[in-house]
$ cat run35.tsv   # TSV, C-alpha atoms and all ligand atoms
chain	number	residue	atom	x	y	z
A	1	MET	CA	152.64	118.27	158.32
A	2	ARG	CA	148.95	117.48	158.58
A	3	ASN	CA	148.11	113.84	159.22
A	4	LYS	CA	145.70	112.19	156.83
A	5	ILE	CA	142.15	111.46	157.97
A	6	ILE	CA	140.03	108.81	156.30
A	7	ALA	CA	136.35	108.97	157.22
A	8	GLY	CA	133.44	106.74	156.22
A	9	ASN	CA	129.92	108.13	155.99
A	10	TRP	CA	127.48	105.24	155.98
A	11	LYS	CA	124.41	107.47	155.56
A	12	MET	CA	121.13	105.57	156.15
A	13	ASN	CA	122.63	102.16	155.38
A	14	THR	CA	123.39	99.04	157.43
A	15	LEU	CA	121.95	97.55	160.61
A	16	VAL	CA	123.71	97.41	163.98
A	17	GLN	CA	124.76	93.81	163.24
A	18	ASP	CA	126.26	94.90	159.92
A	19	GLY	CA	128.26	97.57	161.71
A	20	LEU	CA	129.75	95.01	164.08
A	21	ALA	CA	130.48	92.64	161.21
A	22	TRP	CA	132.16	95.48	159.28
A	23	LEU	CA	134.51	96.11	162.21
A	24	SER	CA	135.45	92.47	162.52
A	25	ASP	CA	136.04	92.17	158.75
A	26	PHE	CA	138.13	95.32	158.79
A	27	LYS	CA	140.23	93.95	161.62
A	28	GLN	CA	140.94	90.83	159.56
A	29	LEU	CA	142.45	93.06	156.90
A	30	GLY	CA	145.14	93.99	159.40
A	31	ALA	CA	144.11	97.58	159.96
A	32	CYS	CA	145.00	97.60	163.65
A	33	GLY	CA	147.01	100.69	164.61
A	34	HIS	CA	147.52	101.97	161.06
A	35	PRO	CA	150.26	104.58	161.45
A	36	ASP	CA	149.51	106.84	158.53
A	37	ALA	CA	145.96	108.03	159.01
A	38	THR	CA	143.28	108.75	161.56
A	39	LEU	CA	140.25	106.55	160.90
A	40	LEU	CA	136.76	107.79	161.47
A	41	LEU	CA	133.39	106.14	160.87
A	42	PHE	CA	129.99	107.80	160.78
A	43	PRO	CA	127.42	104.99	161.10
A	44	PRO	CA	123.76	105.72	161.90
A	45	PHE	CA	123.01	106.91	165.46
A	46	THR	CA	121.62	103.48	166.39
A	47	HIS	CA	125.04	101.85	165.93
A	48	LEU	CA	127.21	104.25	167.90
A	49	HIS	CA	127.08	102.72	171.35
A	50	ALA	CA	127.11	99.12	170.11
A	51	MET	CA	130.16	99.67	167.90
A	52	GLN	CA	132.15	101.70	170.42
A	53	ASP	CA	134.24	98.99	172.10
A	54	ALA	CA	135.19	97.15	168.93
A	55	ALA	CA	136.01	100.42	167.15
A	56	ASN	CA	138.10	101.57	170.08
A	57	GLN	CA	140.15	98.39	170.05
A	58	GLN	CA	141.12	99.14	166.45
A	59	GLY	CA	141.83	102.80	167.09
A	60	ILE	CA	138.84	103.86	164.98
A	61	PHE	CA	136.94	106.96	166.09
A	62	LEU	CA	133.16	107.05	165.73
A	63	GLY	CA	130.99	110.02	164.90
A	64	ALA	CA	127.34	110.87	164.28
A	65	GLN	CA	126.01	112.05	160.93
A	66	ASN	CA	124.02	114.92	162.45
A	67	CYS	CA	122.97	116.41	165.77
A	68	ALA	CA	120.19	118.64	167.07
A	69	SER	CA	120.64	122.40	167.07
A	70	ALA	CA	119.07	122.57	170.55
A	71	SER	CA	120.73	121.23	173.70
A	72	SER	CA	117.77	119.28	175.10
A	73	GLY	CA	114.02	119.45	175.60
A	74	ALA	CA	110.78	118.91	173.73
A	75	TYR	CA	112.18	118.11	170.27
A	76	THR	CA	110.71	114.71	169.48
A	77	GLY	CA	112.98	112.61	167.33
A	78	GLU	CA	116.08	114.74	167.73
A	79	VAL	CA	119.44	113.54	169.07
A	80	SER	CA	121.57	116.00	171.02
A	81	ALA	CA	125.33	116.42	170.91
A	82	GLU	CA	125.46	115.45	174.58
A	83	MET	CA	123.65	112.16	173.80
A	84	ILE	CA	126.14	111.47	171.03
A	85	LYS	CA	128.99	112.10	173.43
A	86	SER	CA	127.46	109.67	175.94
A	87	THR	CA	127.89	106.83	173.42
A	88	GLY	CA	131.64	107.41	173.34
A	89	ALA	CA	131.54	109.00	169.89
A	90	THR	CA	133.95	111.87	169.30
A	91	HIS	CA	132.94	113.53	166.02
A	92	VAL	CA	129.80	114.90	164.33
A	93	LEU	CA	129.13	115.63	160.65
A	94	VAL	CA	127.61	119.07	160.31
A	95	GLY	CA	126.05	120.44	157.14
A	96	HIS	CA	126.33	117.44	154.84
A	97	SER	CA	124.79	118.43	151.50
A	98	GLU	CA	122.03	115.83	151.91
A	99	ARG	CA	121.02	117.57	155.16
A	100	ARG	CA	121.10	120.95	153.42
A	101	GLN	CA	119.16	119.64	150.42
A	102	TYR	CA	116.50	117.39	152.00
A	103	TYR	CA	116.10	118.93	155.45
A	104	GLY	CA	116.57	122.60	154.62
A	105	GLU	CA	119.54	123.12	156.90
A	106	THR	CA	120.80	126.66	156.59
A	107	GLU	CA	124.00	128.27	157.80
A	108	SER	CA	122.27	129.73	160.85
A	109	THR	CA	121.06	126.28	161.95
A	110	LEU	CA	124.47	124.85	161.22
A	111	GLN	CA	126.12	127.52	163.32
A	112	GLN	CA	123.93	126.40	166.26
A	113	LYS	CA	124.84	122.78	165.63
A	114	LEU	CA	128.54	123.64	165.59
A	115	GLN	CA	128.06	125.44	168.90
A	116	ARG	CA	126.42	122.33	170.45
A	117	VAL	CA	129.19	120.08	169.12
A	118	TRP	CA	131.95	122.25	170.55
A	119	GLU	CA	130.13	122.77	173.87
A	120	ASN	CA	130.24	119.02	174.32
A	121	GLY	CA	133.89	118.65	173.48
A	122	LEU	CA	133.20	116.86	170.20
A	123	VAL	CA	134.88	117.55	166.87
A	124	PRO	CA	132.70	118.79	163.99
A	125	VAL	CA	133.37	117.78	160.41
A	126	TYR	CA	131.78	120.73	158.65
A	127	CYS	CA	130.83	119.98	155.03
A	128	VAL	CA	130.69	122.46	152.18
A	129	GLY	CA	130.17	122.03	148.46
A	130	GLU	CA	128.60	123.54	145.37
A	131	THR	CA	125.99	122.06	143.02
A	132	LEU	CA	126.68	121.45	139.32
A	133	GLU	CA	124.55	124.43	138.37
A	134	GLN	CA	126.50	126.67	140.74
A	135	ARG	CA	129.79	125.44	139.30
A	136	GLU	CA	128.65	125.83	135.71
A	137	THR	CA	127.50	129.38	136.32
A	138	GLY	CA	130.84	130.31	137.89
A	139	ARG	CA	129.50	130.65	141.43
A	140	ALA	CA	131.30	127.77	143.13
A	141	ARG	CA	133.73	129.93	145.10
A	142	ASP	CA	131.02	132.35	146.27
A	143	VAL	CA	128.87	129.46	147.46
A	144	ILE	CA	131.73	127.86	149.40
A	145	ALA	CA	132.76	131.20	150.89
A	146	SER	CA	129.25	131.89	152.09
A	147	GLN	CA	128.90	128.38	153.56
A	148	LEU	CA	132.14	128.95	155.48
A	149	HIS	CA	131.52	132.52	156.59
A	150	GLY	CA	127.82	131.92	157.27
A	151	ALA	CA	128.36	129.08	159.73
A	152	LEU	CA	131.79	129.91	161.14
A	153	GLY	CA	131.90	133.72	160.95
A	154	LEU	CA	130.54	134.08	164.50
A	155	TRP	CA	133.87	132.82	165.79
A	156	LYS	CA	136.04	134.99	163.50
A	157	GLY	CA	139.46	135.37	165.08
A	158	LYS	CA	139.44	132.19	167.12
A	159	LEU	CA	137.85	128.79	166.71
A	160	PRO	CA	136.31	127.52	169.96
A	161	GLY	CA	137.55	123.97	169.39
A	162	PRO	CA	139.10	121.61	166.87
A	163	LEU	CA	137.55	121.56	163.42
A	164	ILE	CA	137.73	119.37	160.33
A	165	LEU	CA	136.34	120.60	157.01
A	166	ALA	CA	135.09	118.47	154.14
A	167	TYR	CA	134.81	119.77	150.59
A	168	GLU	CA	132.16	117.70	148.86
A	169	PRO	CA	131.01	118.98	145.48
A	170	VAL	CA	127.33	117.96	145.30
A	171	TRP	CA	127.75	116.86	141.66
A	172	ALA	CA	130.33	114.28	142.74
A	173	ILE	CA	128.41	112.71	145.63
A	174	GLY	CA	127.12	109.24	144.82
A	175	THR	CA	127.37	109.95	141.09
A	176	GLY	CA	130.62	108.19	140.27
A	177	LYS	CA	131.90	111.55	138.95
A	178	THR	CA	134.92	112.50	141.02
A	179	ALA	CA	136.48	115.93	140.91
A	180	THR	CA	139.87	115.74	139.25
A	181	GLN	CA	142.89	116.21	141.46
A	182	ASP	CA	143.29	119.73	140.03
A	183	GLN	CA	139.66	120.70	140.55
A	184	ALA	CA	139.72	119.45	144.14
A	185	GLN	CA	143.12	120.94	144.96
A	186	GLU	CA	142.07	124.33	143.59
A	187	MET	CA	139.00	124.39	145.82
A	188	HIS	CA	140.87	123.12	148.86
A	189	ALA	CA	143.46	125.87	148.45
A	190	PHE	CA	140.64	128.40	148.16
A	191	ILE	CA	139.00	127.03	151.33
A	192	ARG	CA	142.30	127.26	153.20
A	193	MET	CA	142.64	130.87	152.06
A	194	GLU	CA	139.14	131.70	153.32
A	195	MET	CA	139.93	130.03	156.63
A	196	GLN	CA	143.08	132.10	156.85
A	197	GLU	CA	140.97	135.21	156.45
A	198	LEU	CA	138.66	134.03	159.24
A	199	PHE	CA	141.09	132.49	161.70
A	200	GLY	CA	144.61	133.44	160.69
A	201	LYS	CA	147.49	131.75	159.00
A	202	GLU	CA	148.45	129.33	161.76
A	203	THR	CA	144.94	127.86	162.17
A	204	ALA	CA	144.42	127.61	158.42
A	205	ALA	CA	147.76	125.89	157.92
A	206	HIS	CA	146.89	123.17	160.45
A	207	LEU	CA	143.28	122.67	159.42
A	208	PRO	CA	142.45	119.26	157.94
A	209	ILE	CA	140.37	119.59	154.75
A	210	LEU	CA	138.93	116.30	153.46
A	211	TYR	CA	137.67	115.68	149.95
A	212	GLY	CA	134.40	113.81	149.46
A	213	GLY	CA	132.48	112.72	146.37
A	214	SER	CA	132.88	109.31	144.73
A	215	VAL	CA	136.24	108.56	146.32
A	216	LYS	CA	137.16	105.00	145.36
A	217	PRO	CA	140.24	102.81	145.74
A	218	ASP	CA	141.36	103.72	142.21
A	219	ASN	CA	141.23	107.50	142.58
A	220	ALA	CA	142.11	107.92	146.28
A	221	LYS	CA	145.88	107.98	145.92
A	222	SER	CA	145.88	110.70	143.30
A	223	LEU	CA	143.44	112.88	145.27
A	224	PHE	CA	145.27	112.43	148.56
A	225	SER	CA	148.62	113.35	147.07
A	226	ALA	CA	147.48	116.93	146.36
A	227	PRO	CA	149.06	119.38	148.82
A	228	ASP	CA	145.83	120.71	150.36
A	229	ILE	CA	143.85	117.46	150.44
A	230	ASP	CA	144.20	115.89	153.87
A	231	GLY	CA	142.16	112.75	153.34
A	232	GLY	CA	138.65	111.78	152.37
A	233	LEU	CA	135.04	111.57	153.47
A	234	ILE	CA	133.85	108.42	151.77
A	235	GLY	CA	130.24	107.38	151.30
A	236	GLY	CA	129.44	104.37	149.10
A	237	ALA	CA	132.93	102.85	149.12
A	238	SER	CA	133.15	102.97	152.92
A	239	LEU	CA	130.41	100.35	153.23
A	240	LYS	CA	132.81	97.67	152.07
A	241	PRO	CA	135.70	97.09	154.50
A	242	LYS	CA	138.03	96.03	151.67
A	243	ASP	CA	137.36	99.19	149.63
A	244	PHE	CA	137.81	101.34	152.72
A	245	TRP	CA	141.06	99.52	153.46
A	246	ASP	CA	142.27	100.06	149.89
A	247	ILE	CA	141.37	103.76	150.10
A	248	LEU	CA	143.31	103.97	153.34
A	249	ALA	CA	146.28	102.40	151.58
A	250	GLY	CA	146.09	105.37	149.18
A	251	THR	CA	147.36	107.64	151.96
A	252	GLU	CA	150.72	105.93	151.93
A	253	ALA	CA	153.41	108.02	150.35
B	301	LIG	P1	130.07	109.12	148.00
B	301	LIG	O1	129.52	110.03	149.22
B	301	LIG	O2	131.48	108.72	148.38
B	301	LIG	O3	129.14	107.94	147.95
B	301	LIG	O4	130.04	109.95	146.79
B	301	LIG	C1	130.33	110.95	149.88
B	301	LIG	C2	129.54	111.66	150.94
B	301	LIG	O5	128.36	111.97	150.72
B	301	LIG	O6	130.06	111.92	152.06
$ encode --input "run35.tsv" --output "structure tokens" --more "lines below"
Ligand code: PGA
Amino acid sequence: MRNKIIAGNWKMNTLVQDGLAWLSDFKQLGACGHPDATLLLFPPFTHLHAMQDAANQQGIFLGAQNCASASSGAYTGEVSAEMIKSTGATHVLVGHSERRQYYGETESTLQQKLQRVWENGLVPVYCVGETLEQRETGRARDVIASQLHGALGLWKGKLPGPLILAYEPVWAIGTGKTATQDQAQEMHAFIRMEMQELFGKETAAHLPILYGGSVKPDNAKSLFSAPDIDGGLIGGASLKPKDFWDILAGTEA
């Protein structure tokens, strides 16, 4: 049995004060020590240290939305995996489609980022997903396979540390168009098969694969009940504690 993971990606939204207020509002909803799911939040870098204690008290793990591909040095404006770790954060999003699309992140850069994340004992949430055009021209599987093999292939045979994957079809992100349970399940099963090819049956069977793309309280339960969907990476709806709480409730059997 894989435990469910519910993760919130705040993107470039909220101020530090909003992050702290979110945590106190979420606490009011009675989320403390929720038994059914691991909770993860990805606020902006600026919030990580400030939110750490309050998040910890509620058993919520914090992660960064990105990290530098280099370890340290003259890279003005970059934030290293080691710096992220020093805030108390435990996870890092790697390869979100917005990073691929707007900042030209390629699989070779993402491979370096994964290396930095693992070197620092953090857990990467590696994101993959096809565009609408790629889906409509029948290339979705090829795109996903190359995103997986391109960034993870270096470690074929054995992963150097824990990994979480997120399948986020680009056409579903922030659009209100969610993949149906069947569409998502089909892709998650395919991803698990590719991971089996790379890392063997045992690793693939235990690997958490999250779905992301317009997850909302009213579609979460159906998505999360599919056999290969192990939770969600939630953007817009994670900004509201009540919506996030209701999505979390969708993990209950
Ligand atoms: P969304 O974003 O839930 O707002 O579609 C998901 C994501 O980009 O991680």
$ atom_distance --input "run35.tsv" --atom1 "CA of Val125 (chain A)" --atom2 "CA of Leu239 (chain A)"
19.1 Å
$ atom_distance --input "run35.tsv" --atom1 "CA of Gly231 (chain A)" --atom2 "CA of Gln115 (chain A)"
24.5 Å
$ residues_around --input "run35.tsv" --residues "region 109-112 of chain A" --least-positions-apart "6" --cutoff "9 Å" --atoms "all atoms listed in the file" --output "ChimeraX atom specification"
/A:68-70,94-95,126,150-154
$ closest_atom_pairs --input "run35.tsv" --of "chain A" --to "ligand LIG 301 (chain B)" --cutoff "9 Å" --atoms "only C-alpha atoms and all ligand atoms" --output "CSV"
residue,atom,partner,partner_atom,distance
A:Ala7,CA,B:LIG301,O6,8.7
A:Gly8,CA,B:LIG301,O6,7.5
A:Asn9,CA,B:LIG301,O6,5.5
A:Trp10,CA,B:LIG301,O6,8.2
A:Lys11,CA,B:LIG301,O5,7.7
A:His96,CA,B:LIG301,O5,7.1
A:Ser97,CA,B:LIG301,O5,7.4
A:Glu98,CA,B:LIG301,O5,7.5
A:Cys127,CA,B:LIG301,O6,8.6
A:Ala166,CA,B:LIG301,O6,8.5
A:Glu168,CA,B:LIG301,C2,6.9
A:Val170,CA,B:LIG301,O5,8.1
A:Trp171,CA,B:LIG301,O4,8.9
A:Ala172,CA,B:LIG301,O4,5.9
A:Ile173,CA,B:LIG301,O4,3.4
A:Gly174,CA,B:LIG301,O4,3.6
A:Thr175,CA,B:LIG301,O4,6.3
A:Gly176,CA,B:LIG301,O4,6.8
A:Lys177,CA,B:LIG301,O4,8.2
A:Thr178,CA,B:LIG301,O4,8.0
A:Tyr211,CA,B:LIG301,C1,8.7
A:Gly212,CA,B:LIG301,C1,5.0
A:Gly213,CA,B:LIG301,O4,3.7
A:Ser214,CA,B:LIG301,O4,3.6
A:Val215,CA,B:LIG301,O2,5.2
A:Lys216,CA,B:LIG301,O2,7.4
A:Gly232,CA,B:LIG301,O6,8.6
A:Leu233,CA,B:LIG301,O6,5.2
A:Ile234,CA,B:LIG301,O2,4.1
A:Gly235,CA,B:LIG301,O2,3.4
A:Gly236,CA,B:LIG301,O3,3.8
A:Ala237,CA,B:LIG301,O2,6.1
A:Ser238,CA,B:LIG301,O2,7.5
$ write_last_selection --input "run35.tsv" --atoms "C-alpha atoms" --output "mmCIF file, in the coordinates of the input"
data_model
loop_
_atom_site.group_PDB
_atom_site.id
_atom_site.type_symbol
_atom_site.label_atom_id
_atom_site.label_comp_id
_atom_site.auth_asym_id
_atom_site.auth_seq_id
_atom_site.Cartn_x
_atom_site.Cartn_y
_atom_site.Cartn_z
ATOM 1 C CA ALA A 7 136.350 108.970 157.220
ATOM 2 C CA GLY A 8 133.440 106.740 156.220
ATOM 3 C CA ASN A 9 129.920 108.130 155.990
ATOM 4 C CA TRP A 10 127.480 105.240 155.980
ATOM 5 C CA LYS A 11 124.410 107.470 155.560
ATOM 6 C CA HIS A 96 126.330 117.440 154.840
ATOM 7 C CA SER A 97 124.790 118.430 151.500
ATOM 8 C CA GLU A 98 122.030 115.830 151.910
ATOM 9 C CA CYS A 127 130.830 119.980 155.030
ATOM 10 C CA ALA A 166 135.090 118.470 154.140
ATOM 11 C CA GLU A 168 132.160 117.700 148.860
ATOM 12 C CA VAL A 170 127.330 117.960 145.300
ATOM 13 C CA TRP A 171 127.750 116.860 141.660
ATOM 14 C CA ALA A 172 130.330 114.280 142.740
ATOM 15 C CA ILE A 173 128.410 112.710 145.630
ATOM 16 C CA GLY A 174 127.120 109.240 144.820
ATOM 17 C CA THR A 175 127.370 109.950 141.090
ATOM 18 C CA GLY A 176 130.620 108.190 140.270
ATOM 19 C CA LYS A 177 131.900 111.550 138.950
ATOM 20 C CA THR A 178 134.920 112.500 141.020
ATOM 21 C CA TYR A 211 137.670 115.680 149.950
ATOM 22 C CA GLY A 212 134.400 113.810 149.460
ATOM 23 C CA GLY A 213 132.480 112.720 146.370
ATOM 24 C CA SER A 214 132.880 109.310 144.730
ATOM 25 C CA VAL A 215 136.240 108.560 146.320
ATOM 26 C CA LYS A 216 137.160 105.000 145.360
ATOM 27 C CA GLY A 232 138.650 111.780 152.370
ATOM 28 C CA LEU A 233 135.040 111.570 153.470
ATOM 29 C CA ILE A 234 133.850 108.420 151.770
ATOM 30 C CA GLY A 235 130.240 107.380 151.300
ATOM 31 C CA GLY A 236 129.440 104.370 149.100
ATOM 32 C CA ALA A 237 132.930 102.850 149.120
ATOM 33 C CA SER A 238 133.150 102.970 152.920
#
$ atom_distance --input "run35.tsv" --atom1 "CA of Gly200 (chain A)" --atom2 "CA of Arg99 (chain A)"
29.0 Å
$ residues_around --input "run35.tsv" --residues "Gln196 (chain A)" --least-positions-apart "6" --cutoff "10 Å" --atoms "all atoms listed in the file" --output "ChimeraX atom specification"
/A:157,190,202-205,207
$ axis_aligned_box --input "run35.tsv" --around "region 230-235 of chain A" --padding-each-side "8 Å" --output "JSON"
{"center_x": 137.2, "center_y": 111.6, "center_z": 152.6, "size_x": 30.0, "size_y": 24.5, "size_z": 18.6}
$ residues_around --input "run35.tsv" --residues "Arg135 (chain A)" --least-positions-apart "4" --cutoff "12 Å" --atoms "only C-alpha atoms" --output "tab-separated table (two decimals) with C-alpha atoms, keeping the file's coordinate frame"
chain	number	residue	atom	x	y	z
A	129	GLY	CA	130.17	122.03	148.46
A	130	GLU	CA	128.60	123.54	145.37
A	131	THR	CA	125.99	122.06	143.02
A	139	ARG	CA	129.50	130.65	141.43
A	140	ALA	CA	131.30	127.77	143.13
A	141	ARG	CA	133.73	129.93	145.10
A	142	ASP	CA	131.02	132.35	146.27
A	143	VAL	CA	128.87	129.46	147.46
A	144	ILE	CA	131.73	127.86	149.40
A	169	PRO	CA	131.01	118.98	145.48
A	170	VAL	CA	127.33	117.96	145.30
A	171	TRP	CA	127.75	116.86	141.66
A	172	ALA	CA	130.33	114.28	142.74
A	179	ALA	CA	136.48	115.93	140.91
A	183	GLN	CA	139.66	120.70	140.55
A	187	MET	CA	139.00	124.39	145.82
$ closest_residue --input "run35.tsv" --among "A:Lys113, A:Lys221, A:Lys4, A:Arg192" --to "Tyr167 (chain A)" --atoms "all atoms listed in the file"
A:Arg192
$ closest_residue --input "run35.tsv" --among "A:Asn13, A:Met195, A:Leu210, A:Ser225" --to "Gln181 (chain A)" --atoms "all atoms listed in the file"
A:Ser225
$ decode --input "run35.tsv" --residues "region 34-100 of chain A" --atoms "C-alpha atoms" --output "short mmCIF file (atom, residue, chain, number, x, y, z; two decimals), in the first residue's frame"
data_model
loop_
_atom_site.label_atom_id
_atom_site.label_comp_id
_atom_site.auth_asym_id
_atom_site.auth_seq_id
_atom_site.Cartn_x
_atom_site.Cartn_y
_atom_site.Cartn_z
CA HIS A 34 -4.14 13.68 9.74
CA PRO A 35 -3.63 9.93 9.55
CA ASP A 36 -4.39 9.28 5.92
CA ALA A 37 -2.00 11.42 3.95
CA THR A 38 1.39 13.07 3.98
CA LEU A 39 0.99 16.83 3.61
CA LEU A 40 3.46 18.90 1.69
CA LEU A 41 3.52 22.61 0.87
CA PHE A 42 5.67 24.37 -1.71
CA PRO A 43 5.51 28.09 -0.86
CA PRO A 44 7.97 30.59 -2.39
CA PHE A 45 11.59 30.38 -1.15
CA THR A 46 11.10 33.49 0.99
CA HIS A 47 8.55 31.71 3.20
CA LEU A 48 10.39 28.49 3.92
CA HIS A 49 12.29 29.40 7.06
CA ALA A 50 9.51 31.54 8.51
CA MET A 51 6.88 28.83 8.06
CA GLN A 52 9.02 25.95 9.29
CA ASP A 53 8.08 25.81 12.99
CA ALA A 54 4.35 26.23 12.50
CA ALA A 55 4.32 23.69 9.65
CA ASN A 56 6.30 21.23 11.74
CA GLN A 57 3.83 21.46 14.60
CA GLN A 58 1.09 20.35 12.22
CA GLY A 59 3.15 17.59 10.66
CA ILE A 60 3.29 19.44 7.32
CA PHE A 61 6.48 19.11 5.28
CA LEU A 62 7.77 22.11 3.35
CA GLY A 63 9.53 22.13 0.02
CA ALA A 64 10.96 24.57 -2.50
CA GLN A 65 9.55 25.05 -6.00
CA ASN A 66 12.97 24.92 -7.66
CA CYS A 67 16.68 24.78 -6.90
CA ALA A 68 19.92 25.65 -8.66
CA SER A 69 21.65 23.07 -10.81
CA ALA A 70 25.02 24.13 -9.35
CA SER A 71 26.06 23.49 -5.75
CA SER A 72 27.32 26.99 -4.91
CA GLY A 73 29.30 29.89 -6.32
CA ALA A 74 28.90 32.88 -8.60
CA TYR A 75 25.31 32.33 -9.74
CA THR A 76 23.56 35.55 -8.76
CA GLY A 77 19.95 35.03 -7.86
CA GLU A 78 20.09 31.26 -7.59
CA VAL A 79 19.14 29.22 -4.51
CA SER A 80 21.02 25.99 -3.85
CA ALA A 81 19.64 22.71 -2.55
CA GLU A 82 21.88 23.07 0.49
CA MET A 83 20.34 26.50 1.25
CA ILE A 84 16.88 24.99 0.97
CA LYS A 85 17.88 22.24 3.37
CA SER A 86 19.17 24.84 5.85
CA THR A 87 15.63 26.25 6.18
CA GLY A 88 14.36 22.89 7.39
CA ALA A 89 12.58 22.13 4.12
CA THR A 90 12.63 18.51 3.00
CA HIS A 91 11.38 18.45 -0.61
CA VAL A 92 12.06 20.22 -3.93
CA LEU A 93 9.90 20.43 -7.05
CA VAL A 94 12.01 19.63 -10.09
CA GLY A 95 10.92 20.17 -13.68
CA HIS A 96 7.53 21.79 -13.17
CA SER A 97 6.11 22.55 -16.63
CA GLU A 98 6.21 26.30 -15.94
CA ARG A 99 9.97 25.98 -15.36
CA ARG A 100 10.34 23.97 -18.56
#
